[in-house]
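Trainee: This structure is in structure tokens; I'll ask about it shortly.
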Amino acid sequence: MDDLRLLELLETNPSEGMALLEKEYGEPVRFAAAQRLDSAEDIRLCAHDTFSDFYLHRERFDPAKGSLRAYLTAISERKAIRRWRENQRQWLAAQPADLSENAIGAWERKEQLRQALARLPELDRNILLLKYFGGCTTREAAARLGIDYERAKKRAQRALKKLPQLLE
């Protein structure tokens with residue numbers, strides 16, 4: 001079944017359309033998630049979220065711009081990246097805090113990074129903080145700061161090039 005007929009079926013008979021959508025594109029969506037995630041449960045949830053989000057926002061898909069398979073795998077990849085980041089944050093939060101030399105060294109490195117970030121222009125600093133500590137993508141950071149995506153991307157790249165110099 002081609003993408004246009006599948007989209008029509010989603011409109012006329014959503015339950016049958018979703019079943020066919022998952023049957024047709026379930027494997028590539030799960031594969032895209034598995035590239036970033038280790039847990040079978042995380043992969044399953046990512047695929048489920050991908051299909052749910054697609055159904056809720058299916059009007060965003062434009063068949064003239066590409067295939068439904070590519071669109072769904074792109075959604076799955078982004079969701080897998082977000083889930084991986086969240087897993088990393090939870091893992092780090094669960095680590096025991098010790099005051100060993102390693103912990104003191106880590107604290108010193110964090111303090112150096114904080115000071116280096118403080119020397120960056122405010123906009124650059126905010127982009128990096130949202131992107132690397134706030135869990136946002138560059139596009140989300142740009143939207144939050146009310147600037148163009150390309151501008152945010154370039155400023156982040158330039159700021160990352162300056163950081164090693166500021167850390168010295």
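Labeling convention for the structure tokens: chains A, B, ... as they appear, residues from 1 per chain, ligands from 1 in order of appearance.
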For Gly17 of chain A, list every protein, DNA or RNA residue within 8 Å, evaluated using only C-alpha atoms, and leave out those in the same chain fewer than 6 positions away; present the list as a VMD selection string.
Mentor: chain A and resid 6 to 7 9 to 11
Trainee: What lies within 12 Å of Ile127 of chain A using only C-alpha atoms, ignoring chain neighbours under 5 positions off, as a PDB file with all heavy atoms, in the first residue's frame?
Mentor:
```
ATOM      1  N   LEU A 117      32.323  29.454  30.822  1.00  0.00           N
ATOM      2  CA  LEU A 117      31.019  29.791  30.251  1.00  0.00           C
ATOM      3  C   LEU A 117      30.619  31.217  30.618  1.00  0.00           C
ATOM      4  O   LEU A 117      30.028  31.934  29.806  1.00  0.00           O
ATOM      5  CB  LEU A 117      29.944  28.808  30.744  1.00  0.00           C
ATOM      6  CG  LEU A 117      29.964  27.422  30.111  1.00  0.00           C
ATOM      7  CD1 LEU A 117      29.038  26.476  30.858  1.00  0.00           C
ATOM      8  CD2 LEU A 117      29.594  27.485  28.641  1.00  0.00           C
ATOM      9  N   LEU A 120      31.789  33.846  28.190  1.00  0.00           N
ATOM     10  CA  LEU A 120      31.195  33.886  26.849  1.00  0.00           C
ATOM     11  C   LEU A 120      30.117  34.968  26.806  1.00  0.00           C
ATOM     12  O   LEU A 120      29.543  35.309  27.844  1.00  0.00           O
ATOM     13  CB  LEU A 120      30.559  32.540  26.504  1.00  0.00           C
ATOM     14  CG  LEU A 120      31.490  31.380  26.211  1.00  0.00           C
ATOM     15  CD1 LEU A 120      30.691  30.079  26.097  1.00  0.00           C
ATOM     16  CD2 LEU A 120      32.284  31.613  24.944  1.00  0.00           C
ATOM     17  N   PRO A 121      29.803  35.474  25.611  1.00  0.00           N
ATOM     18  CA  PRO A 121      28.659  36.392  25.505  1.00  0.00           C
ATOM     19  C   PRO A 121      27.386  35.687  26.018  1.00  0.00           C
ATOM     20  O   PRO A 121      27.246  34.469  25.904  1.00  0.00           O
ATOM     21  CB  PRO A 121      28.560  36.675  24.003  1.00  0.00           C
ATOM     22  CG  PRO A 121      29.936  36.401  23.479  1.00  0.00           C
ATOM     23  CD  PRO A 121      30.489  35.301  24.334  1.00  0.00           C
ATOM     24  N   GLU A 122      26.480  36.469  26.568  1.00  0.00           N
ATOM     25  CA  GLU A 122      25.298  35.904  27.220  1.00  0.00           C
ATOM     26  C   GLU A 122      24.501  34.984  26.294  1.00  0.00           C
ATOM     27  O   GLU A 122      24.079  33.904  26.702  1.00  0.00           O
ATOM     28  CB  GLU A 122      24.400  37.033  27.730  1.00  0.00           C
ATOM     29  CG  GLU A 122      23.182  36.523  28.490  1.00  0.00           C
ATOM     30  CD  GLU A 122      22.305  37.635  29.009  1.00  0.00           C
ATOM     31  OE1 GLU A 122      22.606  38.819  28.769  1.00  0.00           O
ATOM     32  OE2 GLU A 122      21.303  37.308  29.656  1.00  0.00           O
ATOM     33  N   TYR A 132      23.354  21.735  26.181  1.00  0.00           N
ATOM     34  CA  TYR A 132      24.128  20.675  26.810  1.00  0.00           C
ATOM     35  C   TYR A 132      23.721  20.376  28.253  1.00  0.00           C
ATOM     36  O   TYR A 132      24.043  19.313  28.771  1.00  0.00           O
ATOM     37  CB  TYR A 132      25.628  20.991  26.739  1.00  0.00           C
ATOM     38  CG  TYR A 132      26.116  20.962  25.325  1.00  0.00           C
ATOM     39  CD1 TYR A 132      26.312  22.126  24.606  1.00  0.00           C
ATOM     40  CD2 TYR A 132      26.322  19.757  24.672  1.00  0.00           C
ATOM     41  CE1 TYR A 132      26.727  22.094  23.292  1.00  0.00           C
ATOM     42  CE2 TYR A 132      26.732  19.707  23.355  1.00  0.00           C
ATOM     43  CZ  TYR A 132      26.936  20.884  22.668  1.00  0.00           C
ATOM     44  OH  TYR A 132      27.337  20.834  21.355  1.00  0.00           O
ATOM     45  N   PHE A 133      23.032  21.295  28.896  1.00  0.00           N
ATOM     46  CA  PHE A 133      22.636  21.054  30.280  1.00  0.00           C
ATOM     47  C   PHE A 133      21.127  21.067  30.448  1.00  0.00           C
ATOM     48  O   PHE A 133      20.605  20.559  31.429  1.00  0.00           O
ATOM     49  CB  PHE A 133      23.286  22.081  31.222  1.00  0.00           C
ATOM     50  CG  PHE A 133      24.781  22.020  31.195  1.00  0.00           C
ATOM     51  CD1 PHE A 133      25.517  22.919  30.450  1.00  0.00           C
ATOM     52  CD2 PHE A 133      25.451  21.038  31.898  1.00  0.00           C
ATOM     53  CE1 PHE A 133      26.906  22.851  30.407  1.00  0.00           C
ATOM     54  CE2 PHE A 133      26.837  20.959  31.856  1.00  0.00           C
ATOM     55  CZ  PHE A 133      27.563  21.870  31.109  1.00  0.00           C
ATOM     56  N   GLY A 134      20.432  21.664  29.497  1.00  0.00           N
ATOM     57  CA  GLY A 134      18.977  21.730  29.579  1.00  0.00           C
ATOM     58  C   GLY A 134      18.275  20.664  28.773  1.00  0.00           C
ATOM     59  O   GLY A 134      17.053  20.576  28.781  1.00  0.00           O
ATOM     60  N   GLY A 135      19.036  19.852  28.033  1.00  0.00           N
ATOM     61  CA  GLY A 135      18.440  18.763  27.270  1.00  0.00           C
ATOM     62  C   GLY A 135      17.708  19.203  26.017  1.00  0.00           C
ATOM     63  O   GLY A 135      16.908  18.452  25.478  1.00  0.00           O
ATOM     64  N   CYS A 136      17.963  20.414  25.536  1.00  0.00           N
ATOM     65  CA  CYS A 136      17.293  20.915  24.335  1.00  0.00           C
ATOM     66  C   CYS A 136      18.139  20.646  23.099  1.00  0.00           C
ATOM     67  O   CYS A 136      19.358  20.567  23.185  1.00  0.00           O
ATOM     68  CB  CYS A 136      17.084  22.427  24.443  1.00  0.00           C
ATOM     69  SG  CYS A 136      15.954  22.935  25.720  1.00  0.00           S
ATOM     70  N   THR A 137      17.464  20.554  21.986  1.00  0.00           N
ATOM     71  CA  THR A 137      18.182  20.533  20.719  1.00  0.00           C
ATOM     72  C   THR A 137      18.524  21.982  20.370  1.00  0.00           C
ATOM     73  O   THR A 137      18.004  22.918  20.993  1.00  0.00           O
ATOM     74  CB  THR A 137      17.313  19.938  19.597  1.00  0.00           C
ATOM     75  OG1 THR A 137      16.170  20.792  19.408  1.00  0.00           O
ATOM     76  CG2 THR A 137      16.850  18.526  19.928  1.00  0.00           C
ATOM     77  N   THR A 138      19.353  22.180  19.370  1.00  0.00           N
ATOM     78  CA  THR A 138      19.695  23.541  18.955  1.00  0.00           C
ATOM     79  C   THR A 138      18.445  24.278  18.490  1.00  0.00           C
ATOM     80  O   THR A 138      18.246  25.449  18.791  1.00  0.00           O
ATOM     81  CB  THR A 138      20.755  23.520  17.831  1.00  0.00           C
ATOM     82  OG1 THR A 138      21.873  22.760  18.283  1.00  0.00           O
ATOM     83  CG2 THR A 138      21.204  24.912  17.459  1.00  0.00           C
ATOM     84  N   ARG A 139      17.580  23.576  17.786  1.00  0.00           N
ATOM     85  CA  ARG A 139      16.339  24.179  17.294  1.00  0.00           C
ATOM     86  C   ARG A 139      15.453  24.611  18.463  1.00  0.00           C
ATOM     87  O   ARG A 139      14.874  25.700  18.452  1.00  0.00           O
ATOM     88  CB  ARG A 139      15.603  23.184  16.392  1.00  0.00           C
ATOM     89  CG  ARG A 139      14.478  23.796  15.597  1.00  0.00           C
ATOM     90  CD  ARG A 139      13.914  22.844  14.556  1.00  0.00           C
ATOM     91  NE  ARG A 139      14.872  22.356  13.607  1.00  0.00           N
ATOM     92  CZ  ARG A 139      15.293  22.996  12.522  1.00  0.00           C
ATOM     93  NH1 ARG A 139      14.832  24.187  12.262  1.00  0.00           N
ATOM     94  NH2 ARG A 139      16.166  22.460  11.698  1.00  0.00           N
ATOM     95  N   GLU A 140      15.343  23.766  19.497  1.00  0.00           N
ATOM     96  CA  GLU A 140      14.531  24.111  20.668  1.00  0.00           C
ATOM     97  C   GLU A 140      15.146  25.291  21.427  1.00  0.00           C
ATOM     98  O   GLU A 140      14.421  26.180  21.884  1.00  0.00           O
ATOM     99  CB  GLU A 140      14.394  22.909  21.592  1.00  0.00           C
ATOM    100  CG  GLU A 140      13.558  21.785  21.010  1.00  0.00           C
ATOM    101  CD  GLU A 140      13.693  20.470  21.767  1.00  0.00           C
ATOM    102  OE1 GLU A 140      14.675  20.287  22.512  1.00  0.00           O
ATOM    103  OE2 GLU A 140      12.806  19.619  21.588  1.00  0.00           O
ATOM    104  N   ALA A 141      16.475  25.296  21.550  1.00  0.00           N
ATOM    105  CA  ALA A 141      17.148  26.407  22.229  1.00  0.00           C
ATOM    106  C   ALA A 141      16.905  27.712  21.471  1.00  0.00           C
ATOM    107  O   ALA A 141      16.632  28.749  22.081  1.00  0.00           O
ATOM    108  CB  ALA A 141      18.643  26.119  22.356  1.00  0.00           C
ATOM    109  N   ALA A 142      16.991  27.658  20.149  1.00  0.00           N
ATOM    110  CA  ALA A 142      16.757  28.853  19.338  1.00  0.00           C
ATOM    111  C   ALA A 142      15.333  29.366  19.546  1.00  0.00           C
ATOM    112  O   ALA A 142      15.121  30.582  19.711  1.00  0.00           O
ATOM    113  CB  ALA A 142      17.004  28.547  17.862  1.00  0.00           C
ATOM    114  N   ALA A 143      14.377  28.461  19.577  1.00  0.00           N
ATOM    115  CA  ALA A 143      12.985  28.865  19.775  1.00  0.00           C
ATOM    116  C   ALA A 143      12.792  29.497  21.150  1.00  0.00           C
ATOM    117  O   ALA A 143      12.112  30.517  21.289  1.00  0.00           O
ATOM    118  CB  ALA A 143      12.058  27.657  19.608  1.00  0.00           C
ATOM    119  N   ARG A 144      13.390  28.902  22.165  1.00  0.00           N
ATOM    120  CA  ARG A 144      13.261  29.451  23.520  1.00  0.00           C
ATOM    121  C   ARG A 144      13.889  30.836  23.644  1.00  0.00           C
ATOM    122  O   ARG A 144      13.413  31.671  24.391  1.00  0.00           O
ATOM    123  CB  ARG A 144      13.917  28.527  24.540  1.00  0.00           C
ATOM    124  CG  ARG A 144      13.088  27.326  24.881  1.00  0.00           C
ATOM    125  CD  ARG A 144      13.668  26.639  26.087  1.00  0.00           C
ATOM    126  NE  ARG A 144      12.940  25.414  26.364  1.00  0.00           N
ATOM    127  CZ  ARG A 144      13.243  24.603  27.355  1.00  0.00           C
ATOM    128  NH1 ARG A 144      14.251  24.892  28.157  1.00  0.00           N
ATOM    129  NH2 ARG A 144      12.541  23.519  27.562  1.00  0.00           N
ATOM    130  N   LEU A 145      14.972  31.039  22.922  1.00  0.00           N
ATOM    131  CA  LEU A 145      15.671  32.324  23.001  1.00  0.00           C
ATOM    132  C   LEU A 145      15.152  33.335  21.980  1.00  0.00           C
ATOM    133  O   LEU A 145      15.603  34.477  21.955  1.00  0.00           O
ATOM    134  CB  LEU A 145      17.175  32.108  22.809  1.00  0.00           C
ATOM    135  CG  LEU A 145      17.847  31.269  23.910  1.00  0.00           C
ATOM    136  CD1 LEU A 145      19.269  30.916  23.518  1.00  0.00           C
ATOM    137  CD2 LEU A 145      17.813  32.009  25.238  1.00  0.00           C
ATOM    138  N   GLY A 146      14.245  32.891  21.111  1.00  0.00           N
ATOM    139  CA  GLY A 146      13.644  33.789  20.136  1.00  0.00           C
ATOM    140  C   GLY A 146      14.582  34.213  19.028  1.00  0.00           C
ATOM    141  O   GLY A 146      14.502  35.342  18.545  1.00  0.00           O
ATOM    142  N   ILE A 147      15.480  33.290  18.626  1.00  0.00           N
ATOM    143  CA  ILE A 147      16.406  33.615  17.534  1.00  0.00           C
ATOM    144  C   ILE A 147      16.283  32.556  16.441  1.00  0.00           C
ATOM    145  O   ILE A 147      15.699  31.495  16.647  1.00  0.00           O
ATOM    146  CB  ILE A 147      17.872  33.705  18.015  1.00  0.00           C
ATOM    147  CG1 ILE A 147      18.343  32.378  18.616  1.00  0.00           C
ATOM    148  CG2 ILE A 147      18.043  34.848  18.998  1.00  0.00           C
ATOM    149  CD1 ILE A 147      19.824  32.350  18.957  1.00  0.00           C
ATOM    150  N   ASP A 148      16.839  32.870  15.294  1.00  0.00           N
ATOM    151  CA  ASP A 148      16.831  31.975  14.140  1.00  0.00           C
ATOM    152  C   ASP A 148      17.679  30.730  14.426  1.00  0.00           C
ATOM    153  O   ASP A 148      18.731  30.815  15.075  1.00  0.00           O
ATOM    154  CB  ASP A 148      17.393  32.738  12.938  1.00  0.00           C
ATOM    155  CG  ASP A 148      17.414  31.894  11.686  1.00  0.00           C
ATOM    156  OD1 ASP A 148      16.336  31.469  11.251  1.00  0.00           O
ATOM    157  OD2 ASP A 148      18.524  31.647  11.182  1.00  0.00           O
ATOM    158  N   TYR A 149      17.236  29.576  13.925  1.00  0.00           N
ATOM    159  CA  TYR A 149      17.948  28.315  14.144  1.00  0.00           C
ATOM    160  C   TYR A 149      19.383  28.374  13.631  1.00  0.00           C
ATOM    161  O   TYR A 149      20.314  27.958  14.318  1.00  0.00           O
ATOM    162  CB  TYR A 149      17.181  27.165  13.472  1.00  0.00           C
ATOM    163  CG  TYR A 149      18.002  25.913  13.319  1.00  0.00           C
ATOM    164  CD1 TYR A 149      18.331  25.134  14.429  1.00  0.00           C
ATOM    165  CD2 TYR A 149      18.470  25.505  12.075  1.00  0.00           C
ATOM    166  CE1 TYR A 149      19.097  23.995  14.304  1.00  0.00           C
ATOM    167  CE2 TYR A 149      19.236  24.364  11.941  1.00  0.00           C
ATOM    168  CZ  TYR A 149      19.542  23.613  13.057  1.00  0.00           C
ATOM    169  OH  TYR A 149      20.310  22.484  12.928  1.00  0.00           O
ATOM    170  N   ARG A 151      21.306  30.900  13.189  1.00  0.00           N
ATOM    171  CA  ARG A 151      22.107  31.793  14.039  1.00  0.00           C
ATOM    172  C   ARG A 151      22.515  31.061  15.320  1.00  0.00           C
ATOM    173  O   ARG A 151      23.672  31.137  15.753  1.00  0.00           O
ATOM    174  CB  ARG A 151      21.291  33.045  14.365  1.00  0.00           C
ATOM    175  CG  ARG A 151      22.044  34.029  15.210  1.00  0.00           C
ATOM    176  CD  ARG A 151      21.229  35.282  15.424  1.00  0.00           C
ATOM    177  NE  ARG A 151      21.915  36.179  16.332  1.00  0.00           N
ATOM    178  CZ  ARG A 151      21.311  37.046  17.105  1.00  0.00           C
ATOM    179  NH1 ARG A 151      19.995  37.161  17.062  1.00  0.00           N
ATOM    180  NH2 ARG A 151      22.003  37.809  17.913  1.00  0.00           N
ATOM    181  N   ALA A 152      21.572  30.349  15.914  1.00  0.00           N
ATOM    182  CA  ALA A 152      21.874  29.605  17.146  1.00  0.00           C
ATOM    183  C   ALA A 152      22.919  28.524  16.873  1.00  0.00           C
ATOM    184  O   ALA A 152      23.840  28.323  17.670  1.00  0.00           O
ATOM    185  CB  ALA A 152      20.601  28.979  17.709  1.00  0.00           C
ATOM    186  N   LYS A 153      22.790  27.861  15.748  1.00  0.00           N
ATOM    187  CA  LYS A 153      23.731  26.792  15.397  1.00  0.00           C
ATOM    188  C   LYS A 153      25.148  27.350  15.229  1.00  0.00           C
ATOM    189  O   LYS A 153      26.112  26.799  15.784  1.00  0.00           O
ATOM    190  CB  LYS A 153      23.261  26.120  14.102  1.00  0.00           C
ATOM    191  CG  LYS A 153      24.057  24.909  13.697  1.00  0.00           C
ATOM    192  CD  LYS A 153      23.372  24.211  12.541  1.00  0.00           C
ATOM    193  CE  LYS A 153      24.225  24.294  11.328  1.00  0.00           C
ATOM    194  NZ  LYS A 153      23.683  23.616  10.167  1.00  0.00           N
ATOM    195  N   LYS A 154      25.279  28.444  14.504  1.00  0.00           N
ATOM    196  CA  LYS A 154      26.593  29.056  14.287  1.00  0.00           C
ATOM    197  C   LYS A 154      27.189  29.563  15.594  1.00  0.00           C
ATOM    198  O   LYS A 154      28.371  29.382  15.865  1.00  0.00           O
ATOM    199  CB  LYS A 154      26.495  30.218  13.289  1.00  0.00           C
ATOM    200  CG  LYS A 154      26.464  29.767  11.868  1.00  0.00           C
ATOM    201  CD  LYS A 154      27.808  29.197  11.509  1.00  0.00           C
ATOM    202  CE  LYS A 154      27.824  28.785  10.062  1.00  0.00           C
ATOM    203  NZ  LYS A 154      28.908  27.904   9.755  1.00  0.00           N
ATOM    204  N   ARG A 155      26.354  30.208  16.425  1.00  0.00           N
ATOM    205  CA  ARG A 155      26.868  30.746  17.690  1.00  0.00           C
ATOM    206  C   ARG A 155      27.322  29.618  18.606  1.00  0.00           C
ATOM    207  O   ARG A 155      28.328  29.748  19.306  1.00  0.00           O
ATOM    208  CB  ARG A 155      25.819  31.628  18.353  1.00  0.00           C
ATOM    209  CG  ARG A 155      25.604  32.919  17.542  1.00  0.00           C
ATOM    210  CD  ARG A 155      24.888  33.932  18.336  1.00  0.00           C
ATOM    211  NE  ARG A 155      25.757  34.485  19.363  1.00  0.00           N
ATOM    212  CZ  ARG A 155      25.953  35.772  19.540  1.00  0.00           C
ATOM    213  NH1 ARG A 155      25.398  36.637  18.720  1.00  0.00           N
ATOM    214  NH2 ARG A 155      26.694  36.206  20.534  1.00  0.00           N
ATOM    215  N   ALA A 156      26.591  28.508  18.590  1.00  0.00           N
ATOM    216  CA  ALA A 156      26.988  27.360  19.420  1.00  0.00           C
ATOM    217  C   ALA A 156      28.320  26.794  18.929  1.00  0.00           C
ATOM    218  O   ALA A 156      29.202  26.471  19.733  1.00  0.00           O
ATOM    219  CB  ALA A 156      25.902  26.288  19.393  1.00  0.00           C
ATOM    220  N   GLN A 157      28.475  26.680  17.619  1.00  0.00           N
ATOM    221  CA  GLN A 157      29.731  26.167  17.071  1.00  0.00           C
ATOM    222  C   GLN A 157      30.901  27.071  17.433  1.00  0.00           C
ATOM    223  O   GLN A 157      31.965  26.600  17.853  1.00  0.00           O
ATOM    224  CB  GLN A 157      29.626  26.047  15.546  1.00  0.00           C
ATOM    225  CG  GLN A 157      28.726  24.935  15.075  1.00  0.00           C
ATOM    226  CD  GLN A 157      28.481  24.985  13.575  1.00  0.00           C
ATOM    227  OE1 GLN A 157      28.768  25.971  12.904  1.00  0.00           O
ATOM    228  NE2 GLN A 157      27.916  23.909  13.051  1.00  0.00           N
ATOM    229  N   ARG A 158      30.714  28.370  17.305  1.00  0.00           N
ATOM    230  CA  ARG A 158      31.791  29.314  17.623  1.00  0.00           C
ATOM    231  C   ARG A 158      32.113  29.289  19.114  1.00  0.00           C
ATOM    232  O   ARG A 158      33.283  29.355  19.500  1.00  0.00           O
ATOM    233  CB  ARG A 158      31.404  30.718  17.180  1.00  0.00           C
ATOM    234  CG  ARG A 158      31.410  30.869  15.679  1.00  0.00           C
ATOM    235  CD  ARG A 158      31.057  32.276  15.265  1.00  0.00           C
ATOM    236  NE  ARG A 158      30.934  32.341  13.813  1.00  0.00           N
ATOM    237  CZ  ARG A 158      29.997  33.020  13.182  1.00  0.00           C
ATOM    238  NH1 ARG A 158      29.102  33.716  13.855  1.00  0.00           N
ATOM    239  NH2 ARG A 158      29.954  33.030  11.871  1.00  0.00           N
ATOM    240  N   ALA A 159      31.077  29.210  19.940  1.00  0.00           N
ATOM    241  CA  ALA A 159      31.292  29.180  21.389  1.00  0.00           C
ATOM    242  C   ALA A 159      32.048  27.919  21.788  1.00  0.00           C
ATOM    243  O   ALA A 159      32.935  27.964  22.651  1.00  0.00           O
ATOM    244  CB  ALA A 159      29.957  29.262  22.119  1.00  0.00           C
ATOM    245  N   LEU A 160      31.733  26.803  21.160  1.00  0.00           N
ATOM    246  CA  LEU A 160      32.435  25.555  21.474  1.00  0.00           C
ATOM    247  C   LEU A 160      33.904  25.631  21.064  1.00  0.00           C
ATOM    248  O   LEU A 160      34.760  25.016  21.704  1.00  0.00           O
ATOM    249  CB  LEU A 160      31.751  24.368  20.792  1.00  0.00           C
ATOM    250  CG  LEU A 160      30.433  23.930  21.420  1.00  0.00           C
ATOM    251  CD1 LEU A 160      29.774  22.846  20.574  1.00  0.00           C
ATOM    252  CD2 LEU A 160      30.646  23.441  22.839  1.00  0.00           C
TER     253      LEU A 160
END
```
Trainee: At a cut-off of 12 Å, using only C-alpha atoms, what residues contact Ala118 of chain A? Leave out same-chain residues fewer than 5 positions from it and give the result as number ranges by chain.
Mentor: A: 111-113, 123-126, 128-129, 159, 163, 166-167
Trainee: Using DSSP on the backbone coordinates, identify the residues of segment 52-108 of chain A assigned to alpha helix (DSSP H); present them as a PyMOL selection string.
Mentor: chain A and resi 52-56+68-94+101-108
Trainee: Please provide as a list in words all residues within 10 Å of Leu37 of chain A, with the sequence filter that same-chain residues fewer than 5 positions apart are discarded (counting only C-alpha atoms).
Mentor: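 Answer for this query is Arg30, Phe31, Ala32, Asp42, Ile43, Cys46, Glu77, Ala80, Ile81, Arg83, Trp84 and Asn87 of chain A.
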Trainee: Measuring between only C-alpha atoms, which one of A:Ala19, A:Gln115, A:Glu24, A:Asp3 shows the shortest distance to Asp62 of chain A?
Mentor: A:Asp3
Trainee: How far is it from atom CA of His57 of chain A to atom CA of Asn13 of chain A, in Å with one decimal?
Mentor: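 One can read the atom CA of His57 of chain A to atom CA of Asn13 of chain A distance as 16.3 Å.
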